[in-house]
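Here's protein_26.pdb, which has PDB, C-alpha atoms:
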```pdb
ATOM      1  CA  MET A 195      25.319 -39.850   2.961
ATOM      2  CA  LEU A 196      22.140 -41.078   1.275
ATOM      3  CA  SER A 197      22.696 -43.261  -1.801
ATOM      4  CA  PHE A 198      20.325 -43.644  -4.729
ATOM      5  CA  VAL A 199      20.447 -45.959  -7.742
ATOM      6  CA  ASP A 200      19.736 -44.184 -11.004
ATOM      7  CA  GLY A 201      17.857 -46.751 -13.047
ATOM      8  CA  ALA A 202      18.569 -45.053 -16.363
ATOM      9  CA  GLU A 203      22.314 -45.296 -15.941
ATOM     10  CA  SER A 204      22.411 -48.130 -13.345
ATOM     11  CA  SER A 205      24.871 -46.118 -11.320
ATOM     12  CA  LYS A 206      24.982 -45.292  -7.618
ATOM     13  CA  ILE A 207      24.773 -41.612  -6.817
ATOM     14  CA  ASN A 208      24.755 -39.689  -3.551
ATOM     15  CA  LEU A 209      22.079 -37.337  -2.271
ATOM     16  CA  PRO A 210      21.774 -35.037   0.769
ATOM     17  CA  ASP A 211      20.924 -36.187   4.282
ATOM     18  CA  PHE A 212      19.566 -32.797   5.342
ATOM     19  CA  ILE A 213      18.068 -29.722   3.707
ATOM     20  CA  ILE A 214      17.680 -26.134   4.905
ATOM     21  CA  CYS A 215      14.288 -25.305   3.362
ATOM     22  CA  GLY A 216      14.010 -21.623   4.193
ATOM     23  CA  THR A 217      12.776 -19.095   4.814
ATOM     24  CA  GLN A 218      14.286 -16.561   2.449
ATOM     25  CA  LYS A 219      15.979 -13.750   4.411
ATOM     26  CA  GLY A 220      15.659 -15.821   7.552
ATOM     27  CA  GLY A 221      19.369 -16.402   8.189
ATOM     28  CA  THR A 222      19.847 -19.503   6.053
ATOM     29  CA  THR A 223      23.020 -18.201   4.397
ATOM     30  CA  ALA A 224      24.659 -17.686   7.771
ATOM     31  CA  LEU A 225      23.598 -21.153   8.911
ATOM     32  CA  ARG A 226      25.062 -22.740   5.771
ATOM     33  CA  MET A 227      28.352 -20.850   6.146
ATOM     34  CA  TYR A 228      28.644 -21.945   9.761
ATOM     35  CA  LEU A 229      27.820 -25.578   8.929
ATOM     36  CA  ARG A 230      30.377 -25.674   6.125
ATOM     37  CA  GLN A 231      33.118 -25.138   8.718
ATOM     38  CA  HIS A 232      32.417 -28.551  10.239
ATOM     39  CA  PRO A 233      34.835 -31.179   8.876
ATOM     40  CA  CYS A 234      32.105 -33.844   8.865
ATOM     41  CA  ILE A 235      29.671 -31.828   6.723
ATOM     42  CA  TYR A 236      29.636 -31.235   2.981
ATOM     43  CA  MET A 237      27.393 -28.532   1.498
ATOM     44  CA  PRO A 238      27.588 -26.999  -1.998
ATOM     45  CA  LYS A 239      28.488 -23.328  -2.094
ATOM     46  CA  ARG A 240      25.423 -22.399  -4.153
ATOM     47  CA  GLU A 241      21.714 -22.897  -3.630
ATOM     48  CA  MET A 242      20.296 -25.771  -5.715
ATOM     49  CA  HIS A 243      16.544 -25.007  -5.901
ATOM     50  CA  PHE A 244      16.187 -28.467  -7.442
ATOM     51  CA  PHE A 245      12.848 -29.431  -5.916
ATOM     52  CA  SER A 246      11.322 -26.018  -6.682
ATOM     53  CA  TRP A 247      12.749 -24.692  -9.952
ATOM     54  CA  TYR A 248      14.868 -27.379 -11.588
ATOM     55  CA  PHE A 249      13.127 -30.682 -10.852
ATOM     56  CA  ASN A 250      12.807 -31.390 -14.573
ATOM     57  CA  LYS A 251      16.601 -31.665 -14.823
ATOM     58  CA  GLY A 252      16.474 -35.004 -13.028
ATOM     59  CA  VAL A 253      18.061 -36.521  -9.970
ATOM     60  CA  GLY A 254      21.348 -37.144 -11.791
ATOM     61  CA  TRP A 255      21.805 -33.394 -12.316
ATOM     62  CA  TYR A 256      21.029 -32.780  -8.654
ATOM     63  CA  ALA A 257      23.450 -35.422  -7.405
ATOM     64  CA  LYS A 258      26.367 -33.983  -9.406
ATOM     65  CA  HIS A 259      26.456 -31.035  -7.009
ATOM     66  CA  PHE A 260      27.300 -33.219  -4.010
ATOM     67  CA  ARG A 261      31.001 -33.947  -4.191
ATOM     68  CA  TYR A 262      32.497 -35.116  -0.952
ATOM     69  CA  ASN A 263      35.307 -37.204   0.491
ATOM     70  CA  SER A 264      35.532 -39.963   3.080
ATOM     71  CA  SER A 265      35.743 -37.470   5.972
ATOM     72  CA  HIS A 266      32.228 -36.159   5.273
ATOM     73  CA  TYR A 267      29.704 -37.914   7.493
ATOM     74  CA  VAL A 268      26.648 -35.968   6.321
ATOM     75  CA  CYS A 269      25.797 -33.939   3.244
ATOM     76  CA  GLY A 270      23.231 -31.181   2.907
ATOM     77  CA  GLU A 271      22.019 -28.230   0.883
ATOM     78  CA  LYS A 272      19.993 -25.072   1.407
ATOM     79  CA  SER A 273      17.414 -23.609  -0.948
ATOM     80  CA  PRO A 274      15.035 -21.092   0.655
ATOM     81  CA  SER A 275      12.599 -21.411  -2.247
ATOM     82  CA  TYR A 276      11.547 -24.808  -0.869
ATOM     83  CA  MET A 277       9.335 -23.296   1.830
ATOM     84  CA  PHE A 278       7.682 -20.887  -0.585
ATOM     85  CA  HIS A 279       6.911 -23.721  -3.038
ATOM     86  CA  ALA A 280       6.113 -26.184  -0.249
ATOM     87  CA  GLN A 281       3.056 -27.753  -1.881
ATOM     88  CA  GLU A 282       4.981 -29.278  -4.782
ATOM     89  CA  VAL A 283       8.399 -29.421  -3.112
ATOM     90  CA  ALA A 284       7.382 -31.644  -0.182
ATOM     91  CA  GLU A 285       5.854 -34.282  -2.455
ATOM     92  CA  ARG A 286       8.840 -34.221  -4.806
ATOM     93  CA  MET A 287      11.249 -34.575  -1.898
ATOM     94  CA  LYS A 288       9.414 -37.618  -0.610
ATOM     95  CA  GLU A 289       9.760 -39.290  -4.016
ATOM     96  CA  ILE A 290      13.552 -39.034  -3.936
ATOM     97  CA  LEU A 291      14.575 -38.560  -0.295
ATOM     98  CA  PRO A 292      12.572 -40.895   1.964
ATOM     99  CA  SER A 293      13.567 -39.391   5.338
ATOM    100  CA  PRO A 294      15.804 -36.304   5.082
ATOM    101  CA  LYS A 295      16.292 -34.028   8.060
ATOM    102  CA  LEU A 296      14.628 -30.680   7.344
ATOM    103  CA  ILE A 297      15.575 -27.347   8.904
ATOM    104  CA  PHE A 298      13.289 -24.299   8.826
ATOM    105  CA  MET A 299      14.534 -20.860   9.900
ATOM    106  CA  LEU A 300      11.672 -18.454  10.588
ATOM    107  CA  ARG A 301      11.977 -14.706  10.976
ATOM    108  CA  ASP A 302       9.471 -12.030  11.985
ATOM    109  CA  PRO A 303       7.523 -11.893   8.685
ATOM    110  CA  VAL A 304       7.335  -8.092   8.651
ATOM    111  CA  LYS A 305      11.107  -7.722   8.991
ATOM    112  CA  ARG A 306      11.615 -10.604   6.565
ATOM    113  CA  ALA A 307       9.486  -8.877   3.920
ATOM    114  CA  TYR A 308      11.355  -5.583   4.354
ATOM    115  CA  SER A 309      14.696  -7.354   4.065
ATOM    116  CA  GLU A 310      13.580  -9.183   0.931
ATOM    117  CA  TYR A 311      12.460  -5.892  -0.594
ATOM    118  CA  TRP A 312      15.913  -4.326  -0.160
ATOM    119  CA  MET A 313      17.572  -7.477  -1.472
ATOM    120  CA  MET A 314      15.450  -7.234  -4.618
ATOM    121  CA  VAL A 315      16.369  -3.551  -4.951
ATOM    122  CA  LEU A 316      20.095  -4.365  -4.679
ATOM    123  CA  ASN A 317      19.642  -7.193  -7.215
ATOM    124  CA  GLY A 318      18.182  -4.674  -9.670
ATOM    125  CA  LYS A 319      14.800  -6.430  -9.701
ATOM    126  CA  GLU A 320      12.614  -3.980  -7.756
ATOM    127  CA  LYS A 321      11.957  -0.374  -8.784
ATOM    128  CA  LEU A 322       8.850   0.514  -6.768
ATOM    129  CA  SER A 323       8.910   1.989  -3.283
ATOM    130  CA  PHE A 324       8.307  -0.472  -0.448
ATOM    131  CA  ASP A 325       4.889   1.031   0.365
ATOM    132  CA  GLU A 326       3.861   0.460  -3.271
ATOM    133  CA  ALA A 327       5.473  -2.953  -3.789
ATOM    134  CA  ILE A 328       4.411  -4.701  -0.582
ATOM    135  CA  TRP A 329       0.713  -4.842  -1.537
ATOM    136  CA  LYS A 330       1.201  -5.748  -5.200
ATOM    137  CA  LYS A 331      -0.414  -9.094  -6.078
ATOM    138  CA  ASP A 332       2.465 -10.004  -8.390
ATOM    139  CA  ARG A 333       4.982  -9.744  -5.520
ATOM    140  CA  ASP A 334       5.643 -12.475  -2.962
ATOM    141  CA  TYR A 335       6.730 -10.342  -0.007
ATOM    142  CA  LEU A 336       3.623 -11.204   2.020
ATOM    143  CA  ILE A 337       2.873 -14.836   1.227
ATOM    144  CA  ARG A 338       6.433 -15.947   1.944
ATOM    145  CA  GLY A 339       5.597 -15.174   5.573
ATOM    146  CA  HIS A 340       2.720 -17.689   5.734
ATOM    147  CA  TYR A 341       4.940 -20.113   7.626
ATOM    148  CA  ALA A 342       2.348 -22.397   9.228
ATOM    149  CA  LYS A 343       0.738 -23.209   5.891
ATOM    150  CA  GLN A 344       4.124 -24.017   4.369
ATOM    151  CA  ILE A 345       5.310 -26.246   7.227
ATOM    152  CA  LYS A 346       2.009 -28.139   7.213
ATOM    153  CA  GLU A 347       2.728 -29.205   3.628
ATOM    154  CA  PHE A 348       5.960 -30.865   4.753
ATOM    155  CA  LEU A 349       4.170 -32.518   7.676
ATOM    156  CA  LYS A 350       2.005 -34.398   5.166
ATOM    157  CA  TYR A 351       5.077 -36.358   4.068
ATOM    158  CA  PHE A 352       7.691 -36.167   6.835
ATOM    159  CA  ASP A 353       7.756 -36.957  10.545
ATOM    160  CA  ARG A 354       8.012 -34.196  13.092
ATOM    161  CA  GLU A 355      11.130 -35.922  14.522
ATOM    162  CA  ASN A 356      12.967 -35.197  11.265
ATOM    163  CA  MET A 357      12.059 -31.505  11.291
ATOM    164  CA  MET A 358      13.863 -28.717  13.146
ATOM    165  CA  VAL A 359      12.530 -25.168  13.514
ATOM    166  CA  ILE A 360      14.818 -22.257  14.384
ATOM    167  CA  ILE A 361      13.561 -18.753  15.176
ATOM    168  CA  SER A 362      15.995 -16.333  13.537
ATOM    169  CA  GLU A 363      15.872 -13.706  16.275
ATOM    170  CA  ASP A 364      16.749 -16.325  18.895
ATOM    171  CA  PHE A 365      19.483 -17.746  16.649
ATOM    172  CA  ARG A 366      21.204 -14.358  16.416
ATOM    173  CA  LYS A 367      21.198 -13.996  20.205
ATOM    174  CA  ASN A 368      22.287 -17.567  20.982
ATOM    175  CA  ARG A 369      24.326 -18.712  17.989
ATOM    176  CA  GLU A 370      26.617 -21.159  19.746
ATOM    177  CA  LYS A 371      23.793 -22.893  21.623
ATOM    178  CA  ARG A 372      21.621 -23.126  18.539
ATOM    179  CA  MET A 373      24.475 -24.478  16.415
ATOM    180  CA  TRP A 374      25.027 -27.188  19.028
ATOM    181  CA  ASP A 375      21.309 -27.971  18.742
ATOM    182  CA  VAL A 376      21.748 -28.308  14.972
ATOM    183  CA  PHE A 377      24.740 -30.630  15.427
ATOM    184  CA  ASP A 378      22.660 -32.805  17.786
ATOM    185  CA  PHE A 379      19.822 -32.852  15.265
ATOM    186  CA  LEU A 380      22.213 -33.972  12.514
ATOM    187  CA  GLY A 381      23.898 -36.517  14.771
ATOM    188  CA  ILE A 382      27.420 -35.113  14.525
ATOM    189  CA  GLU A 383      30.056 -33.960  16.977
ATOM    190  CA  GLN A 384      29.702 -30.517  18.529
ATOM    191  CA  ILE A 385      32.572 -28.180  17.704
ATOM    192  CA  ARG A 386      33.210 -24.475  18.189
ATOM    193  CA  LEU A 387      32.862 -22.329  15.096
ATOM    194  CA  LYS A 388      33.719 -18.851  13.889
ATOM    195  CA  MET A 389      30.346 -17.156  13.598
ATOM    196  CA  PRO A 390      30.630 -13.560  12.361
ATOM    197  CA  ASN A 391      27.678 -11.521  11.148
ATOM    198  CA  ILE A 392      27.137 -12.575   7.538
ATOM    199  CA  HIS A 393      24.706 -10.033   6.109
ATOM    200  CA  VAL A 394      24.977  -6.319   6.743
ATOM    201  CA  GLY A 395      22.011  -4.117   5.887
ATOM    202  CA  GLY A 396      22.293  -1.273   3.447
ATOM    203  CA  ILE A 397      20.869   0.670   0.546
ATOM    204  CA  PRO A 398      22.132   1.091  -3.049
ATOM    205  CA  ARG A 399      24.317   4.013  -4.027
ATOM    206  CA  SER A 400      24.131   3.796  -7.858
ATOM    207  CA  LYS A 401      21.260   3.141 -10.286
ATOM    208  CA  PHE A 402      23.778   2.125 -12.945
ATOM    209  CA  LEU A 403      25.182  -0.600 -10.696
ATOM    210  CA  LEU A 404      21.638  -1.719  -9.948
ATOM    211  CA  LYS A 405      21.164  -2.332 -13.679
ATOM    212  CA  LEU A 406      24.425  -4.301 -13.844
ATOM    213  CA  ALA A 407      23.321  -6.388 -10.864
ATOM    214  CA  GLY A 408      20.048  -7.141 -12.636
ATOM    215  CA  ILE A 409      21.882  -8.223 -15.790
ATOM    216  CA  SER A 410      24.239 -10.503 -13.847
ATOM    217  CA  THR A 411      21.249 -12.052 -12.039
ATOM    218  CA  ARG A 412      19.582 -12.903 -15.353
ATOM    219  CA  LEU A 413      22.812 -14.282 -16.804
ATOM    220  CA  SER A 414      23.374 -16.513 -13.757
ATOM    221  CA  MET A 415      19.891 -17.978 -14.203
ATOM    222  CA  MET A 416      20.496 -18.578 -17.918
ATOM    223  CA  ALA A 417      23.773 -20.352 -17.131
ATOM    224  CA  TRP A 418      22.354 -22.629 -14.423
ATOM    225  CA  ASP A 419      23.293 -25.811 -16.312
ATOM    226  CA  SER A 420      26.947 -24.782 -16.330
ATOM    227  CA  PRO A 421      28.345 -24.556 -12.783
ATOM    228  CA  LEU A 422      31.432 -22.709 -14.045
ATOM    229  CA  PHE A 423      29.516 -19.876 -15.738
ATOM    230  CA  ARG A 424      26.753 -19.850 -13.111
ATOM    231  CA  ASN A 425      29.265 -19.403 -10.306
ATOM    232  CA  PHE A 426      31.072 -16.724 -12.318
ATOM    233  CA  PHE A 427      27.935 -14.606 -12.829
ATOM    234  CA  CYS A 428      26.829 -15.156  -9.205
ATOM    235  CA  ASP A 429      30.232 -13.954  -8.022
ATOM    236  CA  VAL A 430      29.998 -10.930 -10.331
ATOM    237  CA  ARG A 431      26.577 -10.077  -8.928
ATOM    238  CA  SER A 432      27.856 -10.430  -5.358
ATOM    239  CA  ALA A 433      30.792  -8.145  -6.117
ATOM    240  CA  ILE A 434      28.520  -5.517  -7.679
ATOM    241  CA  LYS A 435      26.199  -5.653  -4.663
ATOM    242  CA  ARG A 436      29.113  -5.209  -2.259
ATOM    243  CA  ILE A 437      30.383  -2.185  -4.187
ATOM    244  CA  ASN A 438      26.919  -0.701  -4.549
ATOM    245  CA  ARG A 439      25.779  -1.190  -0.962
ATOM    246  CA  VAL A 440      25.994   1.659   1.493
ATOM    247  CA  GLU A 441      26.290  -0.386   4.662
ATOM    248  CA  GLY A 442      24.322   0.458   7.725
ATOM    249  CA  GLN A 443      20.747   0.750   8.791
ATOM    250  CA  LYS A 444      18.038   0.609   6.141
ATOM    251  CA  PRO A 445      15.565   3.503   6.052
ATOM    252  CA  LYS A 446      12.890   3.079   8.701
ATOM    253  CA  MET A 447       9.620   1.599   7.509
ATOM    254  CA  SER A 448       6.774   4.096   7.800
ATOM    255  CA  GLU A 449       4.771   3.702  10.994
ATOM    256  CA  GLU A 450       1.488   3.391   9.075
ATOM    257  CA  THR A 451       2.827   0.549   6.900
ATOM    258  CA  ARG A 452       4.448  -1.180   9.873
ATOM    259  CA  LYS A 453       1.148  -1.247  11.786
ATOM    260  CA  LYS A 454      -0.770  -2.511   8.750
ATOM    261  CA  LEU A 455       1.724  -5.320   8.201
ATOM    262  CA  TYR A 456       1.692  -6.506  11.811
ATOM    263  CA  GLU A 457      -2.091  -6.513  11.674
ATOM    264  CA  TYR A 458      -1.969  -8.469   8.389
ATOM    265  CA  PHE A 459       0.376 -11.104   9.834
ATOM    266  CA  LYS A 460      -1.408 -11.436  13.185
ATOM    267  CA  PRO A 461      -3.586 -14.423  12.128
ATOM    268  CA  GLN A 462      -0.619 -16.006  10.308
ATOM    269  CA  ASN A 463       1.537 -15.776  13.425
ATOM    270  CA  GLU A 464      -1.263 -17.138  15.605
ATOM    271  CA  ASP A 465      -1.538 -20.156  13.280
ATOM    272  CA  LEU A 466       2.201 -20.678  13.589
ATOM    273  CA  ILE A 467       2.118 -20.482  17.400
ATOM    274  CA  SER A 468      -0.698 -23.033  17.451
ATOM    275  CA  LEU A 469       1.248 -25.318  15.107
ATOM    276  CA  LEU A 470       4.453 -25.058  17.152
ATOM    277  CA  ASN A 471       2.560 -25.894  20.333
ATOM    278  CA  GLY A 472       0.917 -28.855  18.624
ATOM    279  CA  LEU A 473       4.332 -30.135  17.530
ATOM    280  CA  HIS A 474       5.641 -29.828  21.108
ATOM    281  CA  PHE A 475       7.831 -26.846  20.198
ATOM    282  CA  GLN A 476       6.340 -24.800  23.040
ATOM    283  CA  ASN A 477       9.623 -22.989  23.711
ATOM    284  CA  LEU A 478       9.659 -21.738  20.122
ATOM    285  CA  ALA A 479       6.056 -20.595  20.349
ATOM    286  CA  GLU A 480       6.980 -18.460  23.354
ATOM    287  CA  ILE A 481       9.924 -16.948  21.445
ATOM    288  CA  VAL A 482       7.599 -16.018  18.562
ATOM    289  CA  LYS A 483       5.189 -14.320  20.980
ATOM    290  CA  LYS A 484       8.046 -12.351  22.529
ATOM    291  CA  GLU A 485      10.058 -11.426  19.424
ATOM    292  CA  TRP A 486       7.316 -10.850  16.820
ATOM    293  CA  ASN A 487       5.176  -8.479  18.852
ATOM    294  CA  GLY A 488       5.563  -5.459  16.563
ATOM    295  CA  LYS A 489       6.902  -3.185  19.289
ATOM    296  CA  SER A 490      10.249  -2.446  17.647
ATOM    297  CA  GLU A 491      10.953  -0.291  14.622
ATOM    298  CA  VAL A 492      11.605  -1.975  11.275
ATOM    299  CA  GLY A 493      14.623  -0.814   9.316
TER     300      GLY A 493
END
```
Go ahead and express the file in the form of structure tokens.
Amino acid sequence: MLSFVDGAESSKINLPDFIICGTQKGGTTALRMYLRQHPCIYMPKREMHFFSWYFNKGVGWYAKHFRYNSSHYVCGEKSPSYMFHAQEVAERMKEILPSPKLIFMLRDPVKRAYSEYWMMVLNGKEKLSFDEAIWKKDRDYLIRGHYAKQIKEFLKYFDRENMMVIISEDFRKNREKRMWDVFDFLGIEQIRLKMPNIHVGGIPRSKFLLKLAGISTRLSMMAWDSPLFRNFFCDVRSAIKRINRVEGQKPKMSEETRKKLYEYFKPQNEDLISLLNGLHFQNLAEIVKKEWNGKSEVG
């Protein structure tokens, strides 16, 4: 557990040892839920987004979210916005956390974008069709998949030895092995976990419930300073989404759009492969080549 002295209040506060930085829709929620089963790990239930959205609230506000007991050997958090806002986040992190362990989960950017789109629909925040929304300049579906650029920002401030990259497709196929890798990275005992599928795909059944989900999302953001009300509205939103989701396979992405997106991400993925090789993550580079080849349907 990292300690920090708050000069304003001359009090010792505790901060995280590790952070799951993203990517959004890359499997970070599953990873957090699995890690929270370990008796030596403490992680808050909610995402903090401190270094991206709420940095102005101060380190004291951030530290209040990390309550732990003597059995907790390490403490961490996950906020997938950190990768997307890497340019400012990495520098801010370095100011407060000198050498945290950083975990990046990367997913095929085409499938990630499609998953984010349906999440936004279920949250009541997206009304356009995917083919319309994906190319809109005011949407972030595409640039969230520029992984190499984002990771390079963190490399300006943190050593490669303190960074772990997980490829989401490989994680789903080899959960137990990859969780043991995470435990080794964090320096804690390997234990067996219950690792069910966390997110199930689906589409909304009711426009009315979509509106309610959108309202609850806005209310949770307005209540961010109050953990009690924030958690309440987040739980309400989650309940609405569960009720409103028709579980199962999402509609298939159109073949024309799928081909355009894989062509768009080709140079981005090549940059990532080059970066992974340069960081001596050659095994991960090979997984990216194999899994992100655009040969499977998206849906």
Hey, which of A:Arg230, A:Arg240, A:Lys272, A:Lys305 ends up closest to Met447 (chain A)? Count only C-alpha atoms.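 Among the listed residues, A:Lys305 lies closest to Met447 (chain A).
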Could you please determine the separation between CA of Ser309 (chain A) and CA of Lys219 (chain A) in Å, to one decimal place?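 Interatomic distance here is 6.5 Å.
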What separates CA of Ala342 (chain A) and CA of Leu466 (chain A) is a distance of 4.7 Å
Considering only C-alpha atoms, state which residue in the set A:Val283, A:Asn471, A:Lys331, A:Ile481 is at the smallest distance from Tyr248 (chain A). A:Val283
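Comparing the minimum interatomic distances between Tyr267 (chain A) and each of A:Val482, A:Asn317, A:Leu406, A:Ile235, counting all atoms listed in the file, we find that A:Ile235 sits nearest.
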Please write the residues picked by the PyMOL selection byres ((chain A and resi 372-376) around 9) on this file as a list in words.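 On the file shown, the PyMOL selection byres ((chain A and resi 372-376) around 9) covers Leu225, Tyr228, Leu229, Ile297, Met358, Ile360, Asp364, Phe365, Asn368, Arg369, Glu370, Lys371, Phe377, Asp378, Phe379, Leu380, Gly381, Ile382, Glu383, Gln384, Ile385, Arg386 and Leu387 of chain A.
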Selected residue, from A:Glu347, A:Asp325, A:Glu282, A:Glu485, that lies nearest to Phe245 (chain A) when counting only C-alpha atoms: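 Answer, going by the shortest atom-to-atom distance: A:Glu282.
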